[in-house]
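Next comes final-v4.cif, with mmCIF, C-alpha atoms.
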```
data_data
loop_
_atom_site.group_PDB
_atom_site.id
_atom_site.type_symbol
_atom_site.label_atom_id
_atom_site.label_comp_id
_atom_site.auth_asym_id
_atom_site.auth_seq_id
_atom_site.Cartn_x
_atom_site.Cartn_y
_atom_site.Cartn_z
ATOM 1 C CA MET L 1 0.000 0.000 0.000
ATOM 2 C CA ILE L 2 1.220 3.500 -0.800
ATOM 3 C CA PHE L 3 2.253 5.837 2.023
ATOM 4 C CA ILE L 4 3.943 9.180 2.314
ATOM 5 C CA ALA L 5 7.477 8.229 3.351
ATOM 6 C CA THR L 6 8.489 8.850 6.950
ATOM 7 C CA GLU L 7 11.851 8.861 8.701
ATOM 8 C CA THR L 8 11.751 5.140 9.530
ATOM 9 C CA ASP L 9 11.605 4.313 5.797
ATOM 10 C CA GLY L 10 15.041 5.895 5.310
ATOM 11 C CA PRO L 11 17.253 2.842 5.813
ATOM 12 C CA GLN L 12 15.177 0.675 3.460
ATOM 13 C CA ILE L 13 15.079 3.448 0.822
ATOM 14 C CA GLN L 14 18.886 3.704 1.019
ATOM 15 C CA ASP L 15 19.212 -0.053 0.868
ATOM 16 C CA ILE L 16 16.939 -0.408 -2.171
ATOM 17 C CA THR L 17 18.776 2.388 -3.967
ATOM 18 C CA ALA L 18 22.139 0.729 -3.354
ATOM 19 C CA ARG L 19 20.979 -2.767 -4.283
ATOM 20 C CA VAL L 20 18.759 -2.072 -7.299
ATOM 21 C CA GLY L 21 21.848 -2.378 -9.458
ATOM 22 C CA VAL L 22 21.512 0.400 -12.035
ATOM 23 C CA PHE L 23 22.491 3.462 -9.984
ATOM 24 C CA ASN L 24 26.100 4.586 -9.747
ATOM 25 C CA GLN L 25 27.701 5.944 -6.584
ATOM 26 C CA GLU L 26 26.877 9.576 -7.387
ATOM 27 C CA GLU L 27 23.236 8.664 -7.996
ATOM 28 C CA VAL L 28 23.020 6.722 -4.723
ATOM 29 C CA GLU L 29 24.494 9.696 -2.874
ATOM 30 C CA THR L 30 22.033 12.032 -4.589
ATOM 31 C CA VAL L 31 19.091 10.014 -3.271
ATOM 32 C CA THR L 32 20.587 10.346 0.235
ATOM 33 C CA ILE L 33 20.911 14.120 -0.152
ATOM 34 C CA LEU L 34 17.332 14.546 -1.436
ATOM 35 C CA TRP L 35 16.028 12.298 1.334
ATOM 36 C CA GLN L 36 17.793 14.422 3.967
ATOM 37 C CA GLU L 37 16.321 17.592 2.455
ATOM 38 C CA TYR L 38 12.888 15.964 2.467
ATOM 39 C CA LEU L 39 13.218 15.060 6.156
ATOM 40 C CA ASN L 40 14.823 18.325 7.274
ATOM 41 C CA ASP L 41 12.975 20.899 5.181
ATOM 42 C CA GLY L 42 9.788 19.121 4.166
ATOM 43 C CA PRO L 43 8.540 18.492 0.623
ATOM 44 C CA GLU L 44 6.938 21.917 0.182
ATOM 45 C CA SER L 45 10.183 23.704 0.839
ATOM 46 C CA CYS L 46 12.668 21.384 -0.903
ATOM 47 C CA GLY L 47 10.422 20.293 -3.774
ATOM 48 C CA TYR L 48 11.034 16.557 -3.295
ATOM 49 C CA ASN L 49 8.167 14.262 -2.318
ATOM 50 C CA PHE L 50 8.989 10.715 -1.257
ATOM 51 C CA ILE L 51 6.389 7.954 -1.220
ATOM 52 C CA VAL L 52 6.807 4.282 -0.418
ATOM 53 C CA ASP L 53 4.914 1.110 -1.206
ATOM 54 C CA ARG L 54 4.926 -0.844 2.042
ATOM 55 C CA ASP L 55 3.779 -4.374 2.933
ATOM 56 C CA GLY L 56 3.720 -4.339 6.730
ATOM 57 C CA ASP L 57 7.142 -2.989 7.636
ATOM 58 C CA LEU L 58 8.737 -4.069 4.370
ATOM 59 C CA VAL L 59 9.335 -1.314 1.802
ATOM 60 C CA LEU L 60 8.598 -2.770 -1.657
ATOM 61 C CA GLY L 61 9.776 0.368 -3.438
ATOM 62 C CA PHE L 62 9.866 4.138 -3.365
ATOM 63 C CA ALA L 63 9.356 7.083 -5.672
ATOM 64 C CA CYS L 64 10.437 10.712 -5.503
ATOM 65 C CA TYR L 65 8.680 13.402 -7.518
ATOM 66 C CA GLY L 66 8.238 17.159 -7.454
ATOM 67 C CA PRO L 67 7.462 20.315 -9.414
ATOM 68 C CA ARG L 68 9.951 21.582 -12.013
ATOM 69 C CA ASP L 69 11.124 25.103 -11.252
ATOM 70 C CA LEU L 70 10.087 27.886 -13.621
ATOM 71 C CA THR L 71 7.274 25.880 -15.186
ATOM 72 C CA ASN L 72 3.569 25.977 -14.678
ATOM 73 C CA GLY L 73 2.358 22.431 -14.120
ATOM 74 C CA VAL L 74 5.370 20.262 -14.973
ATOM 75 C CA TYR L 75 6.297 17.559 -12.473
ATOM 76 C CA ASP L 76 9.437 15.468 -12.536
ATOM 77 C CA LEU L 77 9.575 11.843 -11.493
ATOM 78 C CA TYR L 78 13.092 12.016 -10.085
ATOM 79 C CA TRP L 79 13.462 8.474 -8.790
ATOM 80 C CA ILE L 80 11.501 5.275 -8.783
ATOM 81 C CA ALA L 81 12.981 1.976 -7.610
ATOM 82 C CA VAL L 82 11.626 -1.309 -6.378
ATOM 83 C CA ASN L 83 13.048 -3.716 -3.844
ATOM 84 C CA PRO L 84 15.039 -6.364 -5.771
ATOM 85 C CA ASP L 85 13.838 -9.008 -3.285
ATOM 86 C CA THR L 86 10.193 -8.487 -4.225
ATOM 87 C CA ARG L 87 10.238 -7.794 -7.954
ATOM 88 C CA ARG L 88 6.980 -8.263 -9.864
ATOM 89 C CA SER L 89 4.991 -7.241 -6.789
ATOM 90 C CA GLY L 90 3.338 -4.442 -8.781
ATOM 91 C CA ALA L 91 5.049 -1.852 -6.572
ATOM 92 C CA GLY L 92 6.479 0.022 -9.554
ATOM 93 C CA ARG L 93 3.092 0.564 -11.145
ATOM 94 C CA ARG L 94 1.476 1.511 -7.830
ATOM 95 C CA LEU L 95 4.230 4.032 -7.089
ATOM 96 C CA LEU L 96 4.019 5.487 -10.578
ATOM 97 C CA ALA L 97 0.224 5.794 -10.430
ATOM 98 C CA ALA L 98 0.383 7.398 -6.970
ATOM 99 C CA SER L 99 3.045 9.889 -8.106
ATOM 100 C CA GLU L 100 0.958 10.823 -11.146
ATOM 101 C CA GLU L 101 -2.204 11.197 -9.054
ATOM 102 C CA ALA L 102 -0.471 13.425 -6.498
ATOM 103 C CA ALA L 103 1.094 15.516 -9.255
ATOM 104 C CA GLN L 104 -2.269 15.945 -10.962
ATOM 105 C CA LYS L 105 -3.910 16.971 -7.697
ATOM 106 C CA ALA L 106 -1.171 19.585 -7.313
ATOM 107 C CA GLY L 107 -1.959 20.953 -10.772
ATOM 108 C CA ALA L 108 0.440 19.048 -13.019
ATOM 109 C CA ARG L 109 -0.298 19.181 -16.740
ATOM 110 C CA MET L 110 2.394 16.603 -17.414
ATOM 111 C CA ILE L 111 4.930 14.450 -15.614
ATOM 112 C CA ILE L 112 8.406 13.870 -16.997
ATOM 113 C CA ALA L 113 10.635 10.879 -16.373
ATOM 114 C CA GLU L 114 14.197 11.186 -17.578
ATOM 115 C CA THR L 115 16.113 7.965 -17.938
ATOM 116 C CA SER L 116 19.032 6.388 -19.690
ATOM 117 C CA GLY L 117 19.145 4.890 -23.170
ATOM 118 C CA THR L 118 21.470 2.029 -22.217
ATOM 119 C CA THR L 119 20.452 -1.623 -22.244
ATOM 120 C CA ALA L 120 20.594 -1.643 -18.411
ATOM 121 C CA TYR L 121 17.503 0.558 -18.602
ATOM 122 C CA ASP L 122 15.619 -1.431 -21.278
ATOM 123 C CA GLY L 123 13.133 -2.588 -18.631
ATOM 124 C CA THR L 124 12.688 0.935 -17.290
ATOM 125 C CA ARG L 125 11.941 2.385 -20.725
ATOM 126 C CA LYS L 126 9.510 -0.446 -21.473
ATOM 127 C CA PHE L 127 7.851 0.232 -18.095
ATOM 128 C CA TYR L 128 7.213 3.874 -19.054
ATOM 129 C CA LEU L 129 5.958 2.963 -22.540
ATOM 130 C CA ASP L 130 3.624 0.337 -21.030
ATOM 131 C CA THR L 131 2.185 2.898 -18.595
ATOM 132 C CA GLY L 132 1.269 5.599 -21.086
ATOM 133 C CA TYR L 133 4.466 7.617 -21.424
ATOM 134 C CA VAL L 134 5.821 8.810 -24.754
ATOM 135 C CA GLN L 135 9.538 9.212 -25.378
ATOM 136 C CA GLU L 136 9.304 12.765 -26.657
ATOM 137 C CA ALA L 137 12.990 13.629 -26.761
ATOM 138 C CA THR L 138 16.440 12.105 -26.795
ATOM 139 C CA ILE L 139 19.782 13.801 -26.204
ATOM 140 C CA LYS L 140 22.519 11.550 -27.540
ATOM 141 C CA ASP L 141 25.579 10.761 -25.372
ATOM 142 C CA PHE L 142 24.167 12.830 -22.525
ATOM 143 C CA TYR L 143 25.221 10.995 -19.375
ATOM 144 C CA ILE L 144 28.445 9.853 -20.974
ATOM 145 C CA ASP L 145 29.456 8.797 -24.472
ATOM 146 C CA GLY L 146 27.103 6.001 -25.535
ATOM 147 C CA ASP L 147 24.560 6.752 -22.797
ATOM 148 C CA ASP L 148 21.680 8.845 -24.118
ATOM 149 C CA LEU L 149 19.142 10.864 -22.154
ATOM 150 C CA ALA L 150 15.606 9.632 -22.899
ATOM 151 C CA ILE L 151 12.838 12.030 -21.880
ATOM 152 C CA PHE L 152 9.503 10.310 -21.286
ATOM 153 C CA VAL L 153 6.387 12.453 -20.902
ATOM 154 C CA LYS L 154 2.896 11.627 -19.769
ATOM 155 C CA ARG L 155 0.384 14.386 -20.389
ATOM 156 C CA PHE L 156 -2.745 14.734 -18.301
ATOM 157 C CA GLN L 157 -4.666 17.041 -20.597
ATOM 158 C CA MET P 1 35.811 42.468 -21.726
ATOM 159 C CA ILE P 2 34.816 39.274 -19.916
ATOM 160 C CA PHE P 3 35.366 38.978 -16.162
ATOM 161 C CA ILE P 4 34.382 36.544 -13.453
ATOM 162 C CA ALA P 5 31.510 38.357 -11.730
ATOM 163 C CA THR P 6 32.185 39.901 -8.329
ATOM 164 C CA GLU P 7 29.898 41.252 -5.637
ATOM 165 C CA THR P 8 29.847 44.797 -7.054
ATOM 166 C CA ASP P 9 28.315 43.465 -10.309
ATOM 167 C CA GLY P 10 25.238 42.314 -8.392
ATOM 168 C CA PRO P 11 23.060 45.424 -8.728
ATOM 169 C CA GLN P 12 23.674 45.708 -12.485
ATOM 170 C CA ILE P 13 23.013 41.976 -12.984
ATOM 171 C CA GLN P 14 19.725 42.347 -11.116
ATOM 172 C CA ASP P 15 18.870 45.461 -13.093
ATOM 173 C CA ILE P 16 19.603 43.844 -16.470
ATOM 174 C CA THR P 17 17.562 40.771 -15.520
ATOM 175 C CA ALA P 18 14.585 42.912 -14.553
ATOM 176 C CA ARG P 19 14.782 45.205 -17.599
ATOM 177 C CA VAL P 20 15.604 42.728 -20.362
ATOM 178 C CA GLY P 21 11.893 42.215 -20.830
ATOM 179 C CA VAL P 22 11.466 38.496 -21.357
ATOM 180 C CA PHE P 23 11.843 37.145 -17.817
ATOM 181 C CA ASN P 24 8.843 36.779 -15.535
ATOM 182 C CA GLN P 25 8.892 37.560 -11.823
ATOM 183 C CA GLU P 26 9.753 33.987 -10.815
ATOM 184 C CA GLU P 27 12.659 33.949 -13.265
ATOM 185 C CA VAL P 28 13.969 37.295 -11.995
ATOM 186 C CA GLU P 29 13.803 35.980 -8.427
ATOM 187 C CA THR P 30 15.594 32.799 -9.466
ATOM 188 C CA VAL P 31 18.540 34.813 -10.798
ATOM 189 C CA THR P 32 18.693 36.593 -7.422
ATOM 190 C CA ILE P 33 18.724 33.278 -5.558
ATOM 191 C CA LEU P 34 21.453 31.777 -7.776
ATOM 192 C CA TRP P 35 23.497 34.980 -7.476
ATOM 193 C CA GLN P 36 23.297 34.829 -3.676
ATOM 194 C CA GLU P 37 24.379 31.176 -3.703
ATOM 195 C CA TYR P 38 27.266 32.110 -5.992
ATOM 196 C CA LEU P 39 28.402 34.872 -3.617
ATOM 197 C CA ASN P 40 27.833 32.956 -0.386
ATOM 198 C CA ASP P 41 28.948 29.437 -1.312
ATOM 199 C CA GLY P 42 31.164 29.978 -4.336
ATOM 200 C CA PRO P 43 30.739 28.452 -7.810
ATOM 201 C CA GLU P 44 32.443 25.142 -6.973
ATOM 202 C CA SER P 45 30.014 24.415 -4.185
ATOM 203 C CA CYS P 46 26.763 25.752 -5.663
ATOM 204 C CA GLY P 47 27.441 24.845 -9.289
ATOM 205 C CA TYR P 48 26.612 28.296 -10.685
ATOM 206 C CA ASN P 49 29.310 30.358 -12.377
ATOM 207 C CA PHE P 50 28.549 34.003 -13.160
ATOM 208 C CA ILE P 51 30.560 35.990 -15.692
ATOM 209 C CA VAL P 52 30.038 39.563 -16.894
ATOM 210 C CA ASP P 53 31.005 41.531 -19.957
ATOM 211 C CA ARG P 54 32.113 44.904 -18.613
ATOM 212 C CA ASP P 55 33.055 48.169 -20.323
ATOM 213 C CA GLY P 56 34.701 50.157 -17.533
ATOM 214 C CA ASP P 57 32.164 49.984 -14.723
ATOM 215 C CA LEU P 58 29.229 49.326 -17.035
ATOM 216 C CA VAL P 59 27.978 45.746 -17.202
ATOM 217 C CA LEU P 60 27.012 45.005 -20.818
ATOM 218 C CA GLY P 61 25.606 41.593 -19.955
ATOM 219 C CA PHE P 62 26.050 38.484 -17.861
ATOM 220 C CA ALA P 63 25.912 34.723 -18.192
ATOM 221 C CA CYS P 64 25.479 31.923 -15.675
ATOM 222 C CA TYR P 65 26.569 28.375 -16.448
ATOM 223 C CA GLY P 66 27.467 25.212 -14.565
ATOM 224 C CA PRO P 67 27.767 21.440 -14.658
ATOM 225 C CA ARG P 68 24.624 19.294 -14.851
ATOM 226 C CA ASP P 69 24.311 16.930 -11.914
ATOM 227 C CA LEU P 70 24.629 13.212 -12.594
ATOM 228 C CA THR P 71 26.245 13.680 -15.996
ATOM 229 C CA ASN P 72 29.805 13.389 -17.109
ATOM 230 C CA GLY P 73 30.665 16.499 -19.110
ATOM 231 C CA VAL P 74 27.324 18.238 -19.640
ATOM 232 C CA TYR P 75 27.181 21.946 -18.865
ATOM 233 C CA ASP P 76 24.064 24.068 -18.727
ATOM 234 C CA LEU P 77 23.899 27.667 -19.832
ATOM 235 C CA TYR P 78 21.348 28.727 -17.239
ATOM 236 C CA TRP P 79 21.104 32.428 -18.038
ATOM 237 C CA ILE P 80 22.462 34.859 -20.557
ATOM 238 C CA ALA P 81 21.196 38.426 -20.823
ATOM 239 C CA VAL P 82 22.511 41.649 -22.258
ATOM 240 C CA ASN P 83 21.978 45.195 -21.098
ATOM 241 C CA PRO P 84 19.043 46.619 -23.090
ATOM 242 C CA ASP P 85 20.823 50.018 -23.182
ATOM 243 C CA THR P 86 23.776 48.602 -25.108
ATOM 244 C CA ARG P 87 22.273 46.035 -27.452
ATOM 245 C CA ARG P 88 24.350 44.990 -30.465
ATOM 246 C CA SER P 89 27.550 45.532 -28.483
ATOM 247 C CA GLY P 90 28.554 41.911 -29.136
ATOM 248 C CA ALA P 91 28.269 41.139 -25.410
ATOM 249 C CA GLY P 92 25.962 38.166 -26.012
ATOM 250 C CA ARG P 93 28.426 36.426 -28.308
ATOM 251 C CA ARG P 94 31.388 37.209 -26.045
ATOM 252 C CA LEU P 95 29.543 35.856 -22.998
ATOM 253 C CA LEU P 96 28.467 32.744 -24.874
ATOM 254 C CA ALA P 97 31.986 32.077 -26.185
ATOM 255 C CA ALA P 98 33.492 32.607 -22.715
ATOM 256 C CA SER P 99 30.943 30.267 -21.112
ATOM 257 C CA GLU P 100 31.685 27.591 -23.718
ATOM 258 C CA GLU P 101 35.436 27.994 -23.301
ATOM 259 C CA ALA P 102 35.222 27.719 -19.506
ATOM 260 C CA ALA P 103 32.946 24.694 -19.763
ATOM 261 C CA GLN P 104 35.305 22.987 -22.197
ATOM 262 C CA LYS P 105 38.281 23.679 -19.933
ATOM 263 C CA ALA P 106 36.319 22.054 -17.109
ATOM 264 C CA GLY P 107 35.752 18.964 -19.236
ATOM 265 C CA ALA P 108 32.409 19.648 -20.904
ATOM 266 C CA ARG P 109 31.542 17.455 -23.882
ATOM 267 C CA MET P 110 28.507 19.598 -24.624
ATOM 268 C CA ILE P 111 26.698 22.685 -23.396
ATOM 269 C CA ILE P 112 22.917 22.884 -23.276
ATOM 270 C CA ALA P 113 20.784 26.011 -23.487
ATOM 271 C CA GLU P 114 17.116 25.563 -22.720
ATOM 272 C CA THR P 115 14.832 28.303 -23.907
ATOM 273 C CA SER P 116 11.263 29.064 -24.830
ATOM 274 C CA GLY P 117 9.513 28.454 -28.130
ATOM 275 C CA THR P 118 7.446 31.663 -28.007
ATOM 276 C CA THR P 119 7.890 34.567 -30.403
ATOM 277 C CA ALA P 120 9.365 36.644 -27.535
ATOM 278 C CA TYR P 121 12.353 34.306 -27.776
ATOM 279 C CA ASP P 122 12.674 34.305 -31.602
ATOM 280 C CA GLY P 123 15.867 36.353 -31.314
ATOM 281 C CA THR P 124 17.273 34.070 -28.629
ATOM 282 C CA ARG P 125 16.693 30.933 -30.679
ATOM 283 C CA LYS P 126 18.224 32.592 -33.766
ATOM 284 C CA PHE P 127 21.207 33.618 -31.609
ATOM 285 C CA TYR P 128 21.851 29.985 -30.643
ATOM 286 C CA LEU P 129 21.417 28.720 -34.198
ATOM 287 C CA ASP P 130 23.806 31.414 -35.463
ATOM 288 C CA THR P 131 26.427 30.397 -32.919
ATOM 289 C CA GLY P 132 26.565 26.684 -33.695
ATOM 290 C CA TYR P 133 23.816 25.225 -31.520
ATOM 291 C CA VAL P 134 21.354 22.630 -32.764
ATOM 292 C CA GLN P 135 17.795 22.432 -31.456
ATOM 293 C CA GLU P 136 17.937 18.752 -30.589
ATOM 294 C CA ALA P 137 14.688 18.454 -28.668
ATOM 295 C CA THR P 138 11.365 20.153 -28.055
ATOM 296 C CA ILE P 139 8.825 19.486 -25.323
ATOM 297 C CA LYS P 140 5.517 20.994 -26.362
ATOM 298 C CA ASP P 141 3.578 23.208 -23.921
ATOM 299 C CA PHE P 142 6.314 22.828 -21.324
ATOM 300 C CA TYR P 143 6.441 26.179 -19.533
ATOM 301 C CA ILE P 144 2.720 26.696 -19.984
ATOM 302 C CA ASP P 145 0.213 25.833 -22.693
ATOM 303 C CA GLY P 146 1.515 27.305 -25.951
ATOM 304 C CA ASP P 147 5.054 27.809 -24.600
ATOM 305 C CA ASP P 148 7.363 24.982 -25.658
ATOM 306 C CA LEU P 149 10.717 24.031 -24.211
ATOM 307 C CA ALA P 150 13.423 24.194 -26.877
ATOM 308 C CA ILE P 151 16.648 22.373 -26.002
ATOM 309 C CA PHE P 152 19.683 23.690 -27.871
ATOM 310 C CA VAL P 153 22.907 21.709 -27.751
ATOM 311 C CA LYS P 154 26.440 22.565 -28.812
ATOM 312 C CA ARG P 155 28.802 19.597 -28.845
ATOM 313 C CA PHE P 156 32.538 20.034 -28.443
ATOM 314 C CA GLN P 157 33.593 16.639 -29.733
#
```
Whole structure given in structure tokens:
Amino acid sequence: MIFIATETDGPQIQDITARVGVFNQEEVETVTILWQEYLNDGPESCGYNFIVDRDGDLVLGFACYGPRDLTNGVYDLYWIAVNPDTRRSGAGRRLLAASEEAAQKAGARMIIAETSGTTAYDGTRKFYLDTGYVQEATIKDFYIDGDDLAIFVKRFQ
Amino acid sequence: MIFIATETDGPQIQDITARVGVFNQEEVETVTILWQEYLNDGPESCGYNFIVDRDGDLVLGFACYGPRDLTNGVYDLYWIAVNPDTRRSGAGRRLLAASEEAAQKAGARMIIAETSGTTAYDGTRKFYLDTGYVQEATIKDFYIDGDDLAIFVKRFQ
């Protein structure tokens, strides 16, 4: 079931991020920094909302989303990751749907998920295509040579 | 001539931002916030580098650029604006060239300038096209309905 993330979810969020296998060290550290801002400043102030899908005390996955600065109604899905121990639990789709619903309630006209074009992210890109996103833009060799930026957009209007 | 911006440039940078005519209130306030971070924390820490084109004490324009998080060698040109009193002084091209040169020296493989698709930005988009940028992506209705995001990229390799 989806919940707004609270402090006690922190260790499992860190653990999932480290173990999910596609994030590099800088990305793992970035999740830690955003999580600390979320806890210390609150989502309104820092712009990062964390939600978790929890089964009892077990975190099945988490997502982080928030409004894009200088736009009117654009939300970013910054992070979404599911617990590698409980894959195929449906957590990814529940987290995505909950992020979209919250964004829409906050006035989002669209939500944007930026991801990588490498084969390690084949499943991620398929996940977005299967859930109604369109890959509207690509910036070649963005993250590093051979690793494109793929910009997926889901529009609510 | 191009200089690294110092505290005394602040009032003229603010003034240019407010008077250039295309930035809304939120954008003007964002420049103020980035400028304060630049002064208080320094460019290394905050990721925002400000440069000015100065003729004596007169600031002819400014630019703000910095590395994109989670990439290897992508720089963003966050802001570039020229003094409306001294248009056609060449400040825009000098600031752009200096930003690109600094980014390249810091290891940039590409520099990205995001701008608007509205007619108010016709001159800006032409400026990028004239200086070797390619509009590699567009996200329709990004800033607000009818106001697209245009992503211009200049690659150094």
**Report entry** Residues within 10 Å of (-1.0, 7.9, -1.5), file coords, only C-alpha atoms, listed as an MDAnalysis selection string
**Finding:** chainID L and resid 1:5 51:53 94:95 97:99 101:102
Hey, can you spit out that residue selection with C-alpha atoms as a compact mmCIF listing (two decimals), in the frame of the given file?
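This went into again-v9.txt:
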```txt
# COMPACT_ATOMS: atom_id res chain seq x y z
CA MET L 1 0.00 0.00 0.00
CA ILE L 2 1.22 3.50 -0.80
CA PHE L 3 2.25 5.84 2.02
CA ILE L 4 3.94 9.18 2.31
CA ALA L 5 7.48 8.23 3.35
CA ILE L 51 6.39 7.95 -1.22
CA VAL L 52 6.81 4.28 -0.42
CA ASP L 53 4.91 1.11 -1.21
CA ARG L 94 1.48 1.51 -7.83
CA LEU L 95 4.23 4.03 -7.09
CA ALA L 97 0.22 5.79 -10.43
CA ALA L 98 0.38 7.40 -6.97
CA SER L 99 3.04 9.89 -8.11
CA GLU L 101 -2.20 11.20 -9.05
CA ALA L 102 -0.47 13.42 -6.50
```
**Report entry** Given only C-alpha atoms as the counted atoms, nearest of P:Asn49, P:Gln36, P:Thr17, P:Gln25 to chain L
**Finding:**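 Result for the nearest residue to chain L: P:Gln25.
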Taking all atoms listed in the file into account, produce a table as JSON lines in which each residue of chain L with an atom at most 7 Å from an atom of chain P appears once, together with its shortest atom pair and the distance in Å to one decimal, ordered by chain and rising number.
```
{"residue": "L:Glu26", "atom": "CA", "partner": "P:Leu70", "partner_atom": "CA", "distance": 6.7}
{"residue": "L:Glu27", "atom": "CA", "partner": "P:Leu70", "partner_atom": "CA", "distance": 6.6}
{"residue": "L:Leu70", "atom": "CA", "partner": "P:Glu27", "partner_atom": "CA", "distance": 6.6}
{"residue": "L:Thr71", "atom": "CA", "partner": "P:Tyr143", "partner_atom": "CA", "distance": 4.4}
{"residue": "L:Asn72", "atom": "CA", "partner": "P:Ile144", "partner_atom": "CA", "distance": 5.4}
{"residue": "L:Val74", "atom": "CA", "partner": "P:Phe142", "partner_atom": "CA", "distance": 6.9}
{"residue": "L:Glu136", "atom": "CA", "partner": "P:Ile139", "partner_atom": "CA", "distance": 6.9}
{"residue": "L:Ala137", "atom": "CA", "partner": "P:Ala137", "partner_atom": "CA", "distance": 5.5}
{"residue": "L:Thr138", "atom": "CA", "partner": "P:Ala137", "partner_atom": "CA", "distance": 6.8}
{"residue": "L:Ile139", "atom": "CA", "partner": "P:Glu136", "partner_atom": "CA", "distance": 6.9}
{"residue": "L:Phe142", "atom": "CA", "partner": "P:Val74", "partner_atom": "CA", "distance": 6.9}
{"residue": "L:Tyr143", "atom": "CA", "partner": "P:Thr71", "partner_atom": "CA", "distance": 4.4}
{"residue": "L:Ile144", "atom": "CA", "partner": "P:Asn72", "partner_atom": "CA", "distance": 5.4}
```
Query raised in the report: Expressed in Å to a single decimal, how great is the separation between CA of Ser45 (chain P) and CA of Glu29 (chain L)?
Result: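 Computing it gives 15.8 Å between the two atoms.
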Contact residues around Phe152 (chain L) with only C-alpha atoms at 7 Å, ignoring same-chain residues under 2 positions, as a PDB file with C-alpha atoms, keeping the file's coordinate frame:
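Saved file part_16.pdb follows:
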```pdb
ATOM      1  CA  ILE L 112       8.406  13.870 -16.997  1.00  0.00           C
ATOM      2  CA  ALA L 113      10.635  10.879 -16.373  1.00  0.00           C
ATOM      3  CA  GLU L 114      14.197  11.186 -17.578  1.00  0.00           C
ATOM      4  CA  TYR L 133       4.466   7.617 -21.424  1.00  0.00           C
ATOM      5  CA  VAL L 134       5.821   8.810 -24.754  1.00  0.00           C
ATOM      6  CA  GLN L 135       9.538   9.212 -25.378  1.00  0.00           C
ATOM      7  CA  GLU L 136       9.304  12.765 -26.657  1.00  0.00           C
ATOM      8  CA  ALA L 150      15.606   9.632 -22.899  1.00  0.00           C
ATOM      9  CA  LYS L 154       2.896  11.627 -19.769  1.00  0.00           C
TER      10      LYS L 154
END
```
